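File shown: query-v7.cif. Contents: mmCIF, C-alpha atoms and all ligand atoms.
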data_query
loop_
_atom_site.label_atom_id
_atom_site.label_comp_id
_atom_site.auth_asym_id
_atom_site.auth_seq_id
_atom_site.Cartn_x
_atom_site.Cartn_y
_atom_site.Cartn_z
CA MET Q 274 -5.76 -18.31 10.86
CA GLN Q 275 -7.16 -14.98 12.02
CA THR Q 276 -10.02 -13.22 10.29
CA LEU Q 277 -10.76 -9.51 10.35
CA GLU Q 278 -13.64 -7.80 8.62
CA VAL Q 279 -13.63 -4.64 6.56
CA SER Q 280 -17.10 -3.41 7.52
CA LEU Q 281 -18.50 -1.80 4.40
CA GLY Q 282 -22.13 -2.94 4.35
CA GLU Q 283 -22.84 -4.80 1.13
CA ARG Q 284 -19.19 -4.42 0.11
CA ALA Q 285 -17.88 -5.89 3.39
CA TYR Q 286 -15.18 -8.53 3.10
CA PRO Q 287 -12.84 -10.62 5.22
CA ILE Q 288 -9.07 -10.38 5.63
CA TYR Q 289 -7.69 -13.85 6.34
CA ILE Q 290 -4.22 -13.85 7.86
CA GLY Q 291 -2.33 -17.06 8.49
CA THR Q 292 0.06 -19.68 7.19
CA GLN Q 293 -0.49 -22.34 4.50
CA LEU Q 294 -3.37 -20.32 3.08
CA LEU Q 295 -2.16 -20.74 -0.51
CA LYS Q 296 -2.97 -24.41 -0.07
CA GLN Q 297 -6.57 -23.87 1.01
CA GLY Q 298 -8.63 -23.98 -2.17
CA GLU Q 299 -11.94 -23.70 -0.34
CA LEU Q 300 -10.93 -20.33 1.11
CA PHE Q 301 -10.66 -18.96 -2.42
CA VAL Q 302 -13.61 -20.79 -3.95
CA ARG Q 303 -16.03 -19.49 -1.33
CA HIS Q 304 -15.41 -15.98 -2.70
CA MET Q 305 -15.66 -16.89 -6.39
CA PRO Q 306 -19.00 -16.85 -8.19
CA GLN Q 307 -17.68 -19.20 -10.91
CA PRO Q 308 -14.86 -21.81 -10.91
CA ARG Q 309 -12.80 -19.62 -13.21
CA ALA Q 310 -9.96 -17.26 -12.39
CA ALA Q 311 -7.05 -15.32 -13.81
CA ILE Q 312 -4.08 -15.08 -11.46
CA VAL Q 313 -2.20 -11.84 -12.10
CA THR Q 314 1.32 -11.83 -10.71
CA ASP Q 315 4.78 -10.50 -11.54
CA SER Q 316 8.03 -11.94 -12.84
CA ASN Q 317 9.55 -12.24 -9.32
CA VAL Q 318 6.55 -13.76 -7.59
CA ALA Q 319 5.56 -16.16 -10.39
CA PRO Q 320 8.50 -18.55 -9.94
CA LEU Q 321 7.90 -18.59 -6.18
CA TYR Q 322 4.15 -18.98 -5.74
CA LEU Q 323 2.22 -19.15 -9.01
CA GLN Q 324 2.44 -22.88 -9.42
CA ARG Q 325 1.44 -23.51 -5.81
CA LEU Q 326 -1.68 -21.39 -6.07
CA THR Q 327 -2.56 -22.71 -9.53
CA ALA Q 328 -2.33 -26.30 -8.26
CA THR Q 329 -4.49 -25.48 -5.22
CA LEU Q 330 -7.16 -23.90 -7.38
CA ALA Q 331 -7.03 -26.63 -10.02
CA GLU Q 332 -7.54 -29.21 -7.26
CA ALA Q 333 -10.61 -27.23 -6.17
CA GLY Q 334 -11.94 -27.44 -9.74
CA VAL Q 335 -11.05 -23.91 -10.82
CA GLN Q 336 -9.89 -23.19 -14.37
CA VAL Q 337 -6.91 -20.81 -14.13
CA THR Q 338 -5.38 -18.35 -16.58
CA PRO Q 339 -1.96 -17.01 -15.49
CA VAL Q 340 -0.95 -13.45 -16.31
CA ILE Q 341 2.68 -12.56 -15.56
CA LEU Q 342 3.68 -8.89 -15.58
CA PRO Q 343 7.20 -7.47 -15.45
CA ALA Q 344 8.03 -6.69 -11.79
CA GLY Q 345 8.57 -3.18 -10.50
CA GLU Q 346 6.97 0.20 -9.90
CA GLU Q 347 8.12 1.40 -13.33
CA HIS Q 348 5.67 -1.11 -14.83
CA LYS Q 349 2.62 0.15 -12.94
CA ASN Q 350 1.30 1.74 -16.12
CA TRP Q 351 -1.08 1.52 -19.08
CA GLU Q 352 1.06 -1.05 -20.84
CA SER Q 353 0.83 -3.56 -17.99
CA LEU Q 354 -2.87 -2.83 -17.56
CA ASN Q 355 -3.43 -3.47 -21.24
CA SER Q 356 -1.52 -6.72 -21.13
CA ILE Q 357 -3.90 -7.90 -18.39
CA PHE Q 358 -6.88 -7.04 -20.61
CA ASP Q 359 -5.24 -8.80 -23.58
CA ALA Q 360 -4.79 -11.97 -21.54
CA LEU Q 361 -8.33 -11.86 -20.10
CA LEU Q 362 -9.85 -11.41 -23.54
CA ALA Q 363 -7.66 -14.11 -25.10
CA ALA Q 364 -8.79 -16.54 -22.38
CA ARG Q 365 -12.41 -15.37 -22.78
CA CYS Q 366 -12.73 -14.51 -19.11
CA GLU Q 367 -16.30 -13.61 -18.26
CA ARG Q 368 -18.11 -11.26 -15.90
CA ARG Q 369 -18.24 -13.86 -13.14
CA SER Q 370 -14.60 -14.90 -13.57
CA THR Q 371 -12.41 -13.76 -10.67
CA LEU Q 372 -9.12 -11.87 -10.92
CA ILE Q 373 -6.62 -12.90 -8.26
CA ALA Q 374 -3.80 -10.45 -7.48
CA LEU Q 375 -0.84 -12.52 -6.31
CA GLY Q 376 1.99 -10.17 -5.36
CA GLY Q 377 2.89 -6.84 -3.84
CA GLY Q 378 1.15 -3.49 -4.06
CA VAL Q 379 2.03 -2.98 -7.71
CA VAL Q 380 0.28 -6.19 -8.78
CA GLY Q 381 -2.58 -5.49 -6.36
CA ASP Q 382 -3.21 -1.94 -7.58
CA LEU Q 383 -2.98 -2.96 -11.26
CA THR Q 384 -5.18 -6.03 -10.86
CA GLY Q 385 -7.75 -4.10 -8.85
CA PHE Q 386 -7.95 -1.44 -11.55
CA ALA Q 387 -8.27 -4.11 -14.23
CA ALA Q 388 -11.04 -5.79 -12.19
CA ALA Q 389 -12.86 -2.46 -11.78
CA THR Q 390 -12.97 -1.89 -15.53
CA TYR Q 391 -12.85 -5.26 -17.36
CA LEU Q 392 -16.37 -5.91 -18.64
CA ARG Q 393 -17.39 -2.96 -16.41
CA GLY Q 394 -16.36 -4.82 -13.28
CA VAL Q 395 -15.47 -8.36 -12.25
CA PRO Q 396 -14.78 -9.83 -8.80
CA PHE Q 397 -11.23 -9.85 -7.48
CA ILE Q 398 -9.28 -11.30 -4.57
CA GLN Q 399 -6.12 -9.81 -3.08
CA VAL Q 400 -3.33 -12.24 -2.19
CA PRO Q 401 -0.60 -9.95 -0.82
CA THR Q 402 2.96 -11.29 -0.76
CA THR Q 403 4.89 -8.24 0.52
CA LEU Q 404 4.68 -6.78 4.02
CA LEU Q 405 3.56 -3.48 2.51
CA ALA Q 406 0.73 -5.11 0.58
CA LEU Q 407 -0.29 -7.21 3.58
CA VAL Q 408 -0.59 -4.28 5.97
CA ASP Q 409 -1.80 -1.61 3.58
CA SER Q 410 -2.38 -1.83 -0.16
CA SER Q 411 -4.42 -5.07 -0.29
CA VAL Q 412 -7.01 -3.61 2.08
CA GLY Q 413 -9.34 -0.77 1.21
CA GLY Q 414 -10.00 -0.90 -2.52
CA LYS Q 415 -7.73 1.84 -3.82
CA THR Q 416 -6.54 0.79 -7.26
CA ALA Q 417 -4.41 2.76 -9.70
CA ILE Q 418 -1.66 3.13 -12.22
CA ASN Q 419 1.01 5.84 -12.30
CA HIS Q 420 1.30 8.70 -14.78
CA PRO Q 421 4.72 10.16 -15.61
CA ARG Q 422 3.48 13.39 -13.99
CA GLY Q 423 2.20 11.80 -10.81
CA LYS Q 424 1.80 8.67 -8.71
CA ASN Q 425 -1.46 6.70 -8.77
CA MET Q 426 -3.14 9.46 -10.78
CA ILE Q 427 -5.49 7.15 -12.70
CA GLY Q 428 -7.55 4.56 -10.89
CA ALA Q 429 -10.75 3.64 -9.10
CA PHE Q 430 -12.11 2.74 -5.70
CA TYR Q 431 -13.03 -0.92 -6.06
CA GLN Q 432 -13.17 -3.34 -3.15
CA PRO Q 433 -11.98 -6.95 -3.36
CA GLN Q 434 -14.14 -9.93 -2.38
CA ALA Q 435 -11.52 -11.02 0.14
CA VAL Q 436 -7.91 -10.55 1.19
CA ILE Q 437 -6.11 -13.86 1.65
CA ALA Q 438 -2.75 -13.19 3.29
CA ASP Q 439 -0.40 -16.14 3.63
CA THR Q 440 2.34 -14.77 5.86
CA GLU Q 441 4.73 -17.56 4.82
CA THR Q 442 5.26 -15.73 1.54
CA LEU Q 443 7.19 -13.11 3.52
CA ASN Q 444 10.00 -15.66 4.03
CA THR Q 445 11.28 -14.96 0.52
CA LEU Q 446 10.90 -11.18 0.70
CA PRO Q 447 14.22 -9.31 0.38
CA ASP Q 448 15.20 -7.31 3.50
CA ARG Q 449 14.93 -3.98 1.69
CA GLU Q 450 11.28 -4.76 0.82
CA LEU Q 451 10.57 -5.82 4.40
CA TYR Q 452 11.90 -2.52 5.72
CA ALA Q 453 9.81 -0.62 3.14
CA GLY Q 454 6.74 -2.39 4.52
CA LEU Q 455 7.70 -1.37 8.06
CA ALA Q 456 7.33 2.27 7.02
CA GLU Q 457 3.58 1.73 6.58
CA VAL Q 458 3.40 -0.24 9.84
CA ILE Q 459 5.04 2.67 11.70
CA LYS Q 460 2.63 5.01 9.91
CA TYR Q 461 -0.37 3.51 11.77
CA GLY Q 462 1.30 4.23 15.09
CA LEU Q 463 1.95 7.79 14.04
CA ILE Q 464 -1.46 8.64 12.63
CA ARG Q 465 -3.86 7.00 15.09
CA ASP Q 466 -2.39 4.42 17.45
CA HIS Q 467 -0.03 5.86 20.05
CA ALA Q 468 -0.02 2.60 22.04
CA PHE Q 469 1.11 0.72 18.95
CA PHE Q 470 3.92 3.24 18.39
CA ASP Q 471 4.99 2.75 22.01
CA TRP Q 472 5.11 -1.01 21.32
CA LEU Q 473 6.98 -0.55 18.03
CA GLU Q 474 9.83 1.46 19.56
CA PRO Q 475 11.28 -1.40 21.64
CA ASN Q 476 10.30 -4.03 19.04
CA ILE Q 477 11.66 -2.59 15.81
CA GLU Q 478 14.82 -4.74 15.84
CA ALA Q 479 12.68 -7.86 16.35
CA LEU Q 480 10.65 -6.85 13.30
CA ASN Q 481 13.81 -6.23 11.27
CA ALA Q 482 14.89 -9.75 12.22
CA ARG Q 483 11.46 -11.17 11.24
CA ASP Q 484 10.68 -12.45 14.71
CA PRO Q 485 7.47 -14.43 14.00
CA ALA Q 486 5.51 -13.31 17.06
CA ALA Q 487 6.44 -9.64 16.63
CA LEU Q 488 5.68 -9.73 12.92
CA ALA Q 489 2.33 -11.47 13.45
CA TYR Q 490 1.32 -8.86 16.04
CA ALA Q 491 2.43 -5.92 13.87
CA ILE Q 492 0.55 -7.29 10.85
CA LEU Q 493 -2.66 -7.86 12.77
CA ARG Q 494 -2.59 -4.48 14.50
CA SER Q 495 -1.83 -2.72 11.19
CA CYS Q 496 -4.67 -4.47 9.39
CA GLU Q 497 -7.06 -3.62 12.24
CA ASN Q 498 -6.09 0.03 11.90
CA LYS Q 499 -6.41 0.01 8.12
CA ALA Q 500 -9.78 -1.77 8.20
CA ALA Q 501 -11.14 0.71 10.75
CA VAL Q 502 -10.07 3.75 8.72
CA VAL Q 503 -11.46 2.34 5.47
CA ALA Q 504 -14.77 1.42 7.14
CA ALA Q 505 -15.07 4.98 8.50
CA ASP Q 506 -14.23 6.80 5.25
CA GLU Q 507 -14.21 4.44 2.28
CA ARG Q 508 -13.83 7.06 -0.45
CA GLU Q 509 -11.64 9.57 1.37
CA GLU Q 510 -14.40 12.11 1.89
CA THR Q 511 -14.15 13.12 5.55
CA GLY Q 512 -10.40 13.54 5.93
CA GLU Q 513 -10.01 10.39 8.03
CA ARG Q 514 -8.77 8.12 5.24
CA ALA Q 515 -6.54 10.92 3.99
CA THR Q 516 -4.49 10.52 7.19
CA LEU Q 517 -3.21 7.24 5.71
CA ASN Q 518 -1.37 9.57 3.35
CA LEU Q 519 0.98 10.87 6.07
CA GLY Q 520 4.26 11.66 4.32
CA HIS Q 521 2.87 10.69 0.93
CA THR Q 522 2.75 14.22 -0.55
CA PHE Q 523 6.52 14.35 -0.20
CA GLY Q 524 6.89 10.62 -0.87
CA HIS Q 525 4.98 10.58 -4.12
CA ALA Q 526 7.05 13.55 -5.29
CA ILE Q 527 10.22 11.55 -4.58
CA GLU Q 528 8.92 8.51 -6.46
CA SER Q 529 7.91 10.36 -9.61
CA GLY Q 530 10.73 12.92 -9.38
CA MET Q 531 13.46 10.30 -9.06
CA GLY Q 532 11.84 8.01 -11.66
CA TYR Q 533 9.48 5.21 -10.59
CA GLY Q 534 11.30 2.27 -9.04
CA LYS Q 535 14.41 4.08 -7.89
CA TRP Q 536 13.12 4.66 -4.38
CA LEU Q 537 10.74 2.02 -3.04
CA HIS Q 538 7.31 3.35 -2.10
CA GLY Q 539 7.90 2.62 1.60
CA GLU Q 540 11.28 4.34 1.52
CA ALA Q 541 9.78 7.46 -0.02
CA VAL Q 542 6.99 7.41 2.56
CA ALA Q 543 9.54 7.11 5.39
CA ALA Q 544 11.49 10.19 4.30
CA GLY Q 545 8.16 11.91 3.63
CA MET Q 546 6.89 11.17 7.15
CA VAL Q 547 9.98 12.78 8.65
CA ALA Q 548 9.39 15.84 6.42
CA ALA Q 549 5.74 15.93 7.55
CA ALA Q 550 6.87 15.74 11.19
CA LYS Q 551 9.30 18.60 10.62
CA LEU Q 552 6.59 20.62 8.91
CA SER Q 553 4.35 19.96 11.94
CA GLN Q 554 7.16 21.18 14.19
CA ILE Q 555 7.68 24.34 12.13
CA LEU Q 556 3.95 25.06 12.46
CA GLY Q 557 4.23 24.72 16.24
CA LEU Q 558 2.23 21.49 16.47
CA LEU Q 559 4.84 18.91 17.38
CA GLY Q 560 7.80 19.09 19.76
CA ALA Q 561 11.39 18.39 18.71
CA ASP Q 562 11.42 15.32 20.99
CA ASN Q 563 8.60 13.73 19.02
CA VAL Q 564 10.18 14.62 15.67
CA GLY Q 565 13.27 12.85 16.98
CA ARG Q 566 11.22 9.76 17.86
CA VAL Q 567 9.78 9.63 14.32
CA GLU Q 568 13.21 9.97 12.74
CA SER Q 569 14.85 7.50 15.07
CA ILE Q 570 12.38 4.62 14.66
CA LEU Q 571 12.47 4.91 10.87
CA ALA Q 572 16.27 5.02 10.80
CA ARG Q 573 16.37 1.93 13.03
CA ALA Q 574 14.17 0.19 10.44
CA HIS Q 575 16.92 0.95 7.88
CA LEU Q 576 14.75 3.52 6.14
CA PRO Q 577 15.83 6.86 4.66
CA VAL Q 578 14.93 9.87 6.79
CA ALA Q 579 15.97 12.70 4.45
CA LEU Q 580 14.52 13.81 1.13
CA PRO Q 581 16.71 13.57 -1.98
CA ALA Q 582 17.90 16.98 -3.17
CA LEU Q 583 15.59 17.58 -6.13
CA GLY Q 584 15.38 21.33 -5.52
CA ALA Q 585 12.53 23.19 -3.81
CA ASP Q 586 10.92 24.34 -7.08
CA ARG Q 587 10.82 20.82 -8.42
CA TYR Q 588 9.25 19.56 -5.17
CA LEU Q 589 6.58 22.25 -5.38
CA GLU Q 590 5.84 21.35 -9.00
CA LEU Q 591 5.68 17.59 -8.27
CA MET Q 592 3.57 18.06 -5.15
CA GLY Q 593 1.14 20.16 -7.19
CA HIS Q 594 -0.07 16.89 -8.74
CA ASP Q 595 -1.01 15.37 -5.40
CA LYS Q 596 -4.52 13.93 -5.32
CA LYS Q 597 -5.30 15.86 -2.14
CA VAL Q 598 -4.92 19.20 -3.94
CA GLU Q 599 -8.22 21.10 -3.66
CA GLY Q 600 -9.03 24.37 -5.38
CA GLY Q 601 -5.40 24.43 -6.53
CA LYS Q 602 -4.18 24.39 -2.93
CA LEU Q 603 -1.89 21.75 -1.48
CA ARG Q 604 -3.19 19.89 1.55
CA PHE Q 605 -1.01 18.02 4.03
CA ILE Q 606 -1.37 15.45 6.76
CA LEU Q 607 0.19 16.90 9.88
CA LEU Q 608 0.88 15.49 13.33
CA ARG Q 609 -0.50 17.13 16.47
CA ALA Q 610 1.10 14.38 18.53
CA ILE Q 611 2.33 10.83 18.05
CA GLY Q 612 -0.90 8.98 17.24
CA GLU Q 613 -2.83 12.07 16.14
CA ALA Q 614 -2.85 13.10 12.49
CA TYR Q 615 -5.16 15.43 10.59
CA LEU Q 616 -5.66 16.85 7.10
CA THR Q 617 -5.22 20.58 6.53
CA ALA Q 618 -4.83 23.13 3.76
CA ASP Q 619 -3.48 25.61 6.27
CA VAL Q 620 0.19 25.40 5.36
CA GLY Q 621 1.88 28.54 4.10
CA ARG Q 622 4.52 28.55 1.39
CA ASP Q 623 7.21 29.80 3.78
CA ALA Q 624 6.62 26.98 6.26
CA LEU Q 625 6.69 24.45 3.44
CA LEU Q 626 9.96 25.82 2.04
CA GLN Q 627 11.43 25.78 5.55
CA ALA Q 628 10.36 22.14 6.00
CA LEU Q 629 11.85 21.18 2.64
CA ALA Q 630 15.14 22.88 3.54
CA ALA Q 631 15.20 21.12 6.92
CA SER Q 632 14.42 17.72 5.38
CA VAL Q 633 16.67 17.54 2.34
CA SER Q 634 19.71 15.30 2.46
CA HIS Q 635 23.08 17.05 2.45
CA ASP Q 636 25.03 13.95 1.36
P1 LIG Q 701 5.92 -4.30 -5.29
O1 LIG Q 701 4.58 -4.80 -5.64
O2 LIG Q 701 6.75 -3.70 -6.35
O3 LIG Q 701 6.73 -5.50 -4.61
C1 LIG Q 701 8.03 -5.27 -4.19
C2 LIG Q 701 9.02 -6.25 -4.83
O4 LIG Q 701 8.97 -7.50 -4.15
C3 LIG Q 701 8.76 -6.56 -6.29
O5 LIG Q 701 9.98 -6.70 -6.94
C4 LIG Q 701 8.07 -7.93 -6.23
O6 LIG Q 701 8.24 -8.66 -7.40
C5 LIG Q 701 8.76 -8.57 -5.06
N1 LIG Q 701 8.01 -9.56 -4.31
C6 LIG Q 701 6.70 -9.53 -3.99
N2 LIG Q 701 6.41 -10.52 -3.15
C7 LIG Q 701 7.54 -11.21 -2.95
C8 LIG Q 701 7.87 -12.35 -2.15
N3 LIG Q 701 6.97 -12.91 -1.36
N4 LIG Q 701 9.13 -12.82 -2.20
C9 LIG Q 701 10.07 -12.20 -2.98
N5 LIG Q 701 9.82 -11.11 -3.71
C10 LIG Q 701 8.56 -10.62 -3.69
O7 LIG Q 701 5.85 -3.20 -4.13
P2 LIG Q 701 5.08 -3.09 -2.75
O8 LIG Q 701 6.01 -2.43 -1.83
O9 LIG Q 701 4.45 -4.36 -2.37
O10 LIG Q 701 3.89 -2.09 -3.11
C11 LIG Q 701 4.14 -0.77 -3.48
C12 LIG Q 701 2.97 -0.26 -4.30
O11 LIG Q 701 1.79 -0.30 -3.50
C13 LIG Q 701 3.14 1.16 -4.78
O12 LIG Q 701 2.81 1.24 -6.13
C14 LIG Q 701 2.14 1.94 -3.95
O13 LIG Q 701 1.64 3.06 -4.62
C15 LIG Q 701 1.08 0.91 -3.71
N6 LIG Q 701 0.25 1.16 -2.53
C16 LIG Q 701 -1.07 1.12 -2.68
C17 LIG Q 701 -1.90 1.30 -1.58
C18 LIG Q 701 -3.38 1.16 -1.73
O14 LIG Q 701 -4.09 1.49 -0.80
N7 LIG Q 701 -3.87 0.67 -2.85
C19 LIG Q 701 -1.34 1.53 -0.32
C20 LIG Q 701 0.05 1.57 -0.21
C21 LIG Q 701 0.84 1.37 -1.32
N1 LIG Q 702 -2.77 3.81 1.52
C1 LIG Q 702 -3.72 4.88 1.39
C2 LIG Q 702 -5.12 4.46 1.50
O1 LIG Q 702 -5.44 3.30 1.46
O2 LIG Q 702 -5.97 5.29 1.60
#

Please re-express this file's structure in C-alpha cells.
Ligand code: NAD
Ligand code: GLY
Amino acid sequence: MQTLEVSLGERAYPIYIGTQLLKQGELFVRHMPQPRAAIVTDSNVAPLYLQRLTATLAEAGVQVTPVILPAGEEHKNWESLNSIFDALLAARCERRSTLIALGGGVVGDLTGFAAATYLRGVPFIQVPTTLLALVDSSVGGKTAINHPRGKNMIGAFYQPQAVIADTETLNTLPDRELYAGLAEVIKYGLIRDHAFFDWLEPNIEALNARDPAALAYAILRSCENKAAVVAADEREETGERATLNLGHTFGHAIESGMGYGKWLHGEAVAAGMVAAAKLSQILGLLGADNVGRVESILARAHLPVALPALGADRYLELMGHDKKVEGGKLRFILLRAIGEAYLTADVGRDALLQALAASVSHD
C-alpha cells in the first residue's frame, strides 16, 4: 500500500492506494469517530463490492446502513441526495456516524454533499471504484449535484477524512469507463507535468490494456498532482486549482447540452481539452505540433476529440453557466505549452467562435 497526504493543515488526510484494502477494517475504523457508518453506493457497484465492505466493517464492529442509488450521471440530482437523507434519518445516523462513498465520481460527489449538510456536517470517507474517481474526484473535497441548466452547480467544498482506493476494483470497470478516467490522467500531464505527459505518450496503449505497473504509476502520479494542487489552492481562489478545469468549460456544456449521462464526464473533458488546445493555438499561445500531440494521445485512449454539433449559440448559452464566470465574463484554462496551463478572462468572442468552429465534429 502507498500513502500520500493531502496537506491541508487541520483538514489534512491520507490517500491510501493499494490492493485488498476493502478487506482492511482497521484502515476504515481509524478514520471513524464512532463504529457506525452508512455506505452510499450505486446499483452497479452494490452487487460487486457492497457486501465485501459491509462484512469487513461488521467484523471490525461497525454498524452499517447501506444506501443504494440508481447509477448514472442523470441521477446526480436532488432526488438522489434526498434519498440519502431519508435513509440516514430512517437509520437514525448521528453526527459522529461516518458516510462512506463506495463508487465512482457520481456517488462520491453526492455522498460528499450529503456529508457536508446532514446534521450540518458529518465525517465521510471516499472509496473510489472508477479510475476517474481514483485519480481525481475522490481527492480535494469538491462535492456537488447537477442542475438541468448546468453541471455541478450546487454543492460545497468539504474534505473527506480519508481516501481509501482499492485498485482491484478497477478489474470490473468497463473499458469505456477506464478510457474516460484516462482523460483526467492525461489532463495532469497537460496542465502541470510535462515529464508525465512525455511518459504517457509511449505508455498509453499499456494503460488501455490495464498493464498493472503502468496503471499503478499513472494513478500514483495523478494523485500526487491532484494533492499538490488542492493543497496549494483548496477553494479555487488563486487560479491554480482552476487549471484542473482544463477543457471543462466546453465539457460541462456537452454534458448538460446533450443530456446528463449521454457523454461520460471524461469523454466530454477529452473533447473539451482539444477545444481548449485549439483555442490556445488561435490565441497564438500553442503551436500546431502541440495541439496535434493533445489530440493524438486522447484519440489513442479511445476518447472523442471533437465537440458534438450543438450550434455555437447553444454552446455560448451553456458555457455562460460555468462556475468560473466572473462579472458575467467567461474564463478559460488555456495552454501556454504542454505542462503549463493558466486561467484567463482574456478570450474574445471571435477567437471563441473560431475555436468552436474548428472543434466541432463534422460527422
Ligand atoms: P460514475 O460515478 O457514474 O461511474 C461510472 C460508471 O461505472 C457507473 O455506471 C458506475 O456504476 C460504474 N462503476 C463504478 N465503479 C465500478 C467498478 N469498479 N466496476 C464496474 N462498474 C463500476 O462516473 P465517474 O466517471 O466515476 O465520475 C464522474 C463524475 O465525477 C461526474 O459527475 C463529475 O462531475 C465528477 N467529478 C468530480 C470531481 C471532483 O473534484 N469532485 C472531479 C472530476 C469529476
Ligand atoms: N476536478 C476539479 C477539481 O477538483 O478542482

Leaving out Thr445 of chain Q and any residue of its chain fewer than 3 positions from it, which residues lie within 10 Å of it when counting all atoms listed in the file, given as a short mmCIF file (atom, residue, chain, number, x, y, z; two decimals) with C-alpha atoms, in the coordinates of the input?
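File written: around12.cif
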data_model
loop_
_atom_site.label_atom_id
_atom_site.label_comp_id
_atom_site.auth_asym_id
_atom_site.auth_seq_id
_atom_site.Cartn_x
_atom_site.Cartn_y
_atom_site.Cartn_z
CA VAL Q 318 6.55 -13.76 -7.59
CA LEU Q 321 7.90 -18.59 -6.18
CA THR Q 402 2.96 -11.29 -0.76
CA THR Q 403 4.89 -8.24 0.52
CA GLU Q 441 4.73 -17.56 4.82
CA THR Q 442 5.26 -15.73 1.54
CA ASP Q 448 15.20 -7.31 3.50
CA LEU Q 451 10.57 -5.82 4.40
#

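The neighbours of segment 420-424 of chain Q here are the residues that come within 8 Å of it, using all atoms listed in the file and leaving out any residue fewer than 3 positions away in the same chain; they are Asn350, Ile427, His525, Ala526, Glu528, Ser529, Leu591, His594 and Asp595 of chain Q.
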
Export C-alpha atoms of the chosen residues as a PDB file, in the coordinates of the input?
ATOM      1  CA  ASN Q 350       1.300   1.740 -16.120  1.00  0.00           C
ATOM      2  CA  ILE Q 427      -5.490   7.150 -12.700  1.00  0.00           C
ATOM      3  CA  HIS Q 525       4.980  10.580  -4.120  1.00  0.00           C
ATOM      4  CA  ALA Q 526       7.050  13.550  -5.290  1.00  0.00           C
ATOM      5  CA  GLU Q 528       8.920   8.510  -6.460  1.00  0.00           C
ATOM      6  CA  SER Q 529       7.910  10.360  -9.610  1.00  0.00           C
ATOM      7  CA  LEU Q 591       5.680  17.590  -8.270  1.00  0.00           C
ATOM      8  CA  HIS Q 594      -0.070  16.890  -8.740  1.00  0.00           C
ATOM      9  CA  ASP Q 595      -1.010  15.370  -5.400  1.00  0.00           C
TER      10      ASP Q 595
END

Minimum-distance residue to ligand LIG 701 (chain Q), chosen among Q:Arg369, Q:Arg325, Q:His538, Q:Lys460 (using all atoms listed in the file)
Q:His538

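Of the residues listed (Q:Ala417, Q:Leu625, Q:Leu407, Q:Ala582), Q:Leu407 shows the shortest atom-to-atom separation from Ala500 of chain Q; distances use only C-alpha atoms.
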
All residues within 7 Å of ligand LIG 701 (chain Q) are required, counting all atoms listed in the file; please report them as a PyMOL selection string.
chain Q and resi 315-318+344-346+349+376-380+382+402-406+409-416+424-425+442-447+450+453-454+537-539

Print the selection's residues with C-alpha atoms to a file, as a compact mmCIF listing (two decimals), in the coordinates of the input.
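Once everything was written out, this is result-v3.txt:
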# COMPACT_ATOMS: atom_id res chain seq x y z
CA ASP Q 315 4.78 -10.50 -11.54
CA SER Q 316 8.03 -11.94 -12.84
CA ASN Q 317 9.55 -12.24 -9.32
CA VAL Q 318 6.55 -13.76 -7.59
CA ALA Q 344 8.03 -6.69 -11.79
CA GLY Q 345 8.57 -3.18 -10.50
CA GLU Q 346 6.97 0.20 -9.90
CA LYS Q 349 2.62 0.15 -12.94
CA GLY Q 376 1.99 -10.17 -5.36
CA GLY Q 377 2.89 -6.84 -3.84
CA GLY Q 378 1.15 -3.49 -4.06
CA VAL Q 379 2.03 -2.98 -7.71
CA VAL Q 380 0.28 -6.19 -8.78
CA ASP Q 382 -3.21 -1.94 -7.58
CA THR Q 402 2.96 -11.29 -0.76
CA THR Q 403 4.89 -8.24 0.52
CA LEU Q 404 4.68 -6.78 4.02
CA LEU Q 405 3.56 -3.48 2.51
CA ALA Q 406 0.73 -5.11 0.58
CA ASP Q 409 -1.80 -1.61 3.58
CA SER Q 410 -2.38 -1.83 -0.16
CA SER Q 411 -4.42 -5.07 -0.29
CA VAL Q 412 -7.01 -3.61 2.08
CA GLY Q 413 -9.34 -0.77 1.21
CA GLY Q 414 -10.00 -0.90 -2.52
CA LYS Q 415 -7.73 1.84 -3.82
CA THR Q 416 -6.54 0.79 -7.26
CA LYS Q 424 1.80 8.67 -8.71
CA ASN Q 425 -1.46 6.70 -8.77
CA THR Q 442 5.26 -15.73 1.54
CA LEU Q 443 7.19 -13.11 3.52
CA ASN Q 444 10.00 -15.66 4.03
CA THR Q 445 11.28 -14.96 0.52
CA LEU Q 446 10.90 -11.18 0.70
CA PRO Q 447 14.22 -9.31 0.38
CA GLU Q 450 11.28 -4.76 0.82
CA ALA Q 453 9.81 -0.62 3.14
CA GLY Q 454 6.74 -2.39 4.52
CA LEU Q 537 10.74 2.02 -3.04
CA HIS Q 538 7.31 3.35 -2.10
CA GLY Q 539 7.90 2.62 1.60

Please measure the separation of atom CA of Gly291 of chain Q and atom CA of Asp439 of chain Q, giving the value in Å to one decimal.
5.3 Å

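For the atom pair formed by atom CA of Gly385 of chain Q and atom CA of Tyr322 of chain Q, the distance is 19.3 Å, given to one decimal.
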
Take every atom of ligand LIG 702 (chain Q) listed in the file, pad by 5 Å on each side, and give me the axis-aligned box centre and edge lengths in Å, one decimal, as lines of an AutoDock Vina configuration file.
center_x = -4.4
center_y = 4.3
center_z = 1.5
size_x = 13.2
size_y = 12.0
size_z = 10.2

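Counting from atom CA of Ile477 of chain Q, the distance to atom CA of Ala491 of chain Q is 10.0 Å.
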